[in-house]
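> Dropping the structure in here first, questions after.
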Amino acid sequence: MFRIGHELCIDVLNLIVSLIKIIQVMSIKFRMYQDNRSNSKHKGYWYARAISPDLVGVKDLANRVSARCTVTEPDILAVISALVFEMNQVLKAGNRVKLDGLGTFRVGIHSSGVEKAKDFNPQRDIFGAHVIFVPAVRVDASHRRVNKLLDGLRVQEAEQYDSPIAAAKPKKGSKKGGKDKTSTPSAGPVAGESTPTGESHA
């Protein structure tokens, strides 16, 4: 592994954080779905569910960052690789990792319960180690905490699926009751708004 200057590493990481924010600010897509659970208090209600049809990998991020600065793609990939390795070491040591503008990472665990504390066996009863990510926030003029990653986020209905709203409106010249399987994207609510029932759905 070749060495990269400390200042260059910081610059690359800042660019990656900025790029992730730009990607997040673009409109995300959602699809409508109906609650058909027999025991649900809101059976028949329609909700929005966010979808993520595309995956942006490390190579793609490196290409995007490289296009925004003079740092080469191999250098960016090296910084990302080193970052992942160092985060692994820090988290395994029981510490938190904070990336300014992005958020904080720490390790969480699950455990089985025992009736008496003296019967607890860490090797047997602790399981499911996982990473907890807490996004960075800012306080806006209304004193509300706003997720920095989602600043300015807008949502838009996905096109290629049977939208219940579009299906309910027959095309011009079509027979009554006919379904239009192509939906026109419509501006959705700003992220953070709740459904009429007050429930939030991912």
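Naming works like this for the structure tokens: A, B, ... for the chains as they're shown, residue 1 at the start of each chain, ligands 1 onward in shown order.
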Step one, run DSSP on the backbone; step two, keep only residues of region 13-137 of chain A assigned to strand (DSSP E); then write them as JSON, numbers by chain.

{"A": [28, 29, 30, 31, 32, 33, 34, 46, 47, 48, 49, 50, 51, 97, 98, 99, 103, 104, 105, 106, 107, 108, 109, 110, 111, 126, 127, 128, 129, 130, 131, 132, 133, 134, 135, 137]}

> Restricted to N, CA and C atoms, what would the selected residues look like written as a CSV table (one decimal), in the first residue's frame?


```
chain,number,residue,atom,x,y,z
A,28,ILE,N,-35.5,11.4,-4.3
A,28,ILE,CA,-35.6,9.9,-4.2
A,28,ILE,C,-36.9,9.5,-4.7
A,29,LYS,N,-37.0,8.2,-5.0
A,29,LYS,CA,-38.3,7.7,-5.6
A,29,LYS,C,-39.1,6.9,-4.5
A,30,PHE,N,-40.4,7.0,-4.7
A,30,PHE,CA,-41.2,6.2,-3.8
A,30,PHE,C,-42.3,5.5,-4.6
A,31,ARG,N,-42.8,4.4,-4.0
A,31,ARG,CA,-44.0,3.7,-4.6
A,31,ARG,C,-45.1,3.6,-3.5
A,32,MET,N,-46.3,3.7,-4.0
A,32,MET,CA,-47.5,3.6,-3.1
A,32,MET,C,-47.8,2.1,-2.8
A,33,TYR,N,-48.1,1.8,-1.6
A,33,TYR,CA,-48.5,0.4,-1.3
A,33,TYR,C,-49.7,0.5,-0.3
A,34,GLN,N,-50.5,-0.6,-0.3
A,34,GLN,CA,-51.7,-0.6,0.5
A,34,GLN,C,-51.5,-1.5,1.7
A,46,TRP,N,-53.4,3.7,2.2
A,46,TRP,CA,-52.2,3.7,1.3
A,46,TRP,C,-51.1,4.5,1.9
A,47,TYR,N,-49.9,4.0,1.7
A,47,TYR,CA,-48.7,4.7,2.2
A,47,TYR,C,-47.6,4.7,1.1
A,48,ALA,N,-46.6,5.5,1.4
A,48,ALA,CA,-45.5,5.6,0.4
A,48,ALA,C,-44.3,4.8,1.0
A,49,ARG,N,-43.6,4.2,0.1
A,49,ARG,CA,-42.4,3.4,0.5
A,49,ARG,C,-41.2,3.8,-0.4
A,50,ALA,N,-40.1,4.3,0.2
A,50,ALA,CA,-38.9,4.7,-0.5
A,50,ALA,C,-38.3,3.5,-1.2
A,51,ILE,N,-37.8,3.7,-2.4
A,51,ILE,CA,-37.1,2.6,-3.2
A,51,ILE,C,-35.8,3.1,-3.6
A,97,VAL,N,-16.5,6.4,16.0
A,97,VAL,CA,-15.8,7.1,14.9
A,97,VAL,C,-16.8,8.2,14.4
A,98,LYS,N,-16.2,9.4,14.4
A,98,LYS,CA,-17.0,10.5,13.9
A,98,LYS,C,-16.4,11.1,12.6
A,99,LEU,N,-17.3,11.2,11.6
A,99,LEU,CA,-16.9,11.8,10.3
A,99,LEU,C,-17.7,13.1,10.2
A,103,GLY,N,-21.6,11.8,10.2
A,103,GLY,CA,-22.2,11.2,11.4
A,103,GLY,C,-21.2,10.4,12.2
A,104,THR,N,-21.8,9.7,13.2
A,104,THR,CA,-20.9,8.9,14.1
A,104,THR,C,-21.3,7.5,14.1
A,105,PHE,N,-20.3,6.6,14.1
A,105,PHE,CA,-20.4,5.2,14.1
A,105,PHE,C,-20.0,4.6,15.4
A,106,ARG,N,-20.7,3.6,15.9
A,106,ARG,CA,-20.3,2.9,17.1
A,106,ARG,C,-20.9,1.5,17.1
A,107,VAL,N,-20.4,0.6,17.9
A,107,VAL,CA,-20.8,-0.8,17.9
A,107,VAL,C,-21.9,-1.0,19.0
A,108,GLY,N,-23.0,-1.8,18.6
A,108,GLY,CA,-24.0,-2.1,19.5
A,108,GLY,C,-24.1,-3.7,19.6
A,109,ILE,N,-24.7,-4.2,20.6
A,109,ILE,CA,-24.8,-5.6,20.8
A,109,ILE,C,-26.2,-6.0,21.2
A,110,HIS,N,-26.5,-7.3,21.0
A,110,HIS,CA,-27.8,-7.9,21.6
A,110,HIS,C,-27.3,-8.9,22.6
A,111,SER,N,-28.2,-9.2,23.6
A,111,SER,CA,-27.9,-10.2,24.5
A,111,SER,C,-29.1,-10.9,25.0
A,126,ILE,N,-24.0,-12.9,24.8
A,126,ILE,CA,-23.9,-11.8,23.9
A,126,ILE,C,-23.8,-12.2,22.5
A,127,PHE,N,-24.6,-11.6,21.6
A,127,PHE,CA,-24.7,-12.0,20.2
A,127,PHE,C,-25.1,-10.7,19.4
A,128,GLY,N,-25.0,-10.9,18.1
A,128,GLY,CA,-25.6,-9.9,17.2
A,128,GLY,C,-24.9,-8.5,17.2
A,129,ALA,N,-23.5,-8.5,17.3
A,129,ALA,CA,-22.8,-7.2,17.2
A,129,ALA,C,-23.1,-6.5,15.9
A,130,HIS,N,-23.4,-5.3,16.0
A,130,HIS,CA,-23.8,-4.5,14.8
A,130,HIS,C,-23.3,-3.1,14.9
A,131,VAL,N,-23.2,-2.4,13.8
A,131,VAL,CA,-22.8,-1.0,13.7
A,131,VAL,C,-24.0,-0.1,13.8
A,132,ILE,N,-24.0,0.9,14.7
A,132,ILE,CA,-25.0,1.9,14.8
A,132,ILE,C,-24.5,3.2,14.2
A,133,PHE,N,-25.2,3.7,13.3
A,133,PHE,CA,-24.9,5.0,12.7
A,133,PHE,C,-25.8,6.1,13.1
A,134,VAL,N,-25.3,7.2,13.6
A,134,VAL,CA,-26.1,8.3,14.1
A,134,VAL,C,-25.7,9.5,13.2
A,135,PRO,N,-26.6,9.9,12.2
A,135,PRO,CA,-26.2,11.0,11.3
A,135,PRO,C,-26.0,12.3,12.0
A,137,VAL,N,-26.4,16.2,12.6
A,137,VAL,CA,-27.6,17.1,12.5
A,137,VAL,C,-27.2,18.5,12.7
```

> What does the distance between CA of Leu55 (chain A) and CA of Asp151 (chain A) come to in Å, to one decimal place?

20.7 Å

> Considering only C-alpha atoms, return as number ranges by chain whatever protein or nucleic-acid residues lie within 10 Å of Asn36 (chain A), sequence-local ones (same chain, fewer than 5 positions apart) excluded.

A: 42-46

> To one decimal place, how far is CA of Val58 (chain A) from CA of Ser27 (chain A) in Å?

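Going from CA of Val58 (chain A) over to CA of Ser27 (chain A) covers 21.2 Å.
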
> Have a look at CA of Asn88 (chain A) and CA of Gly57 (chain A) and let me know their distance in Å, one decimal.

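The value is 18.9 Å.
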
> Go through region 26-187 of chain A and collect every residue that DSSP, computed from the backbone, puts in helix (DSSP H, G or I); the answer should be as a PyMOL selection string.

chain A and resi 58-67+73-92+117-119+122-125+148-150+164-167
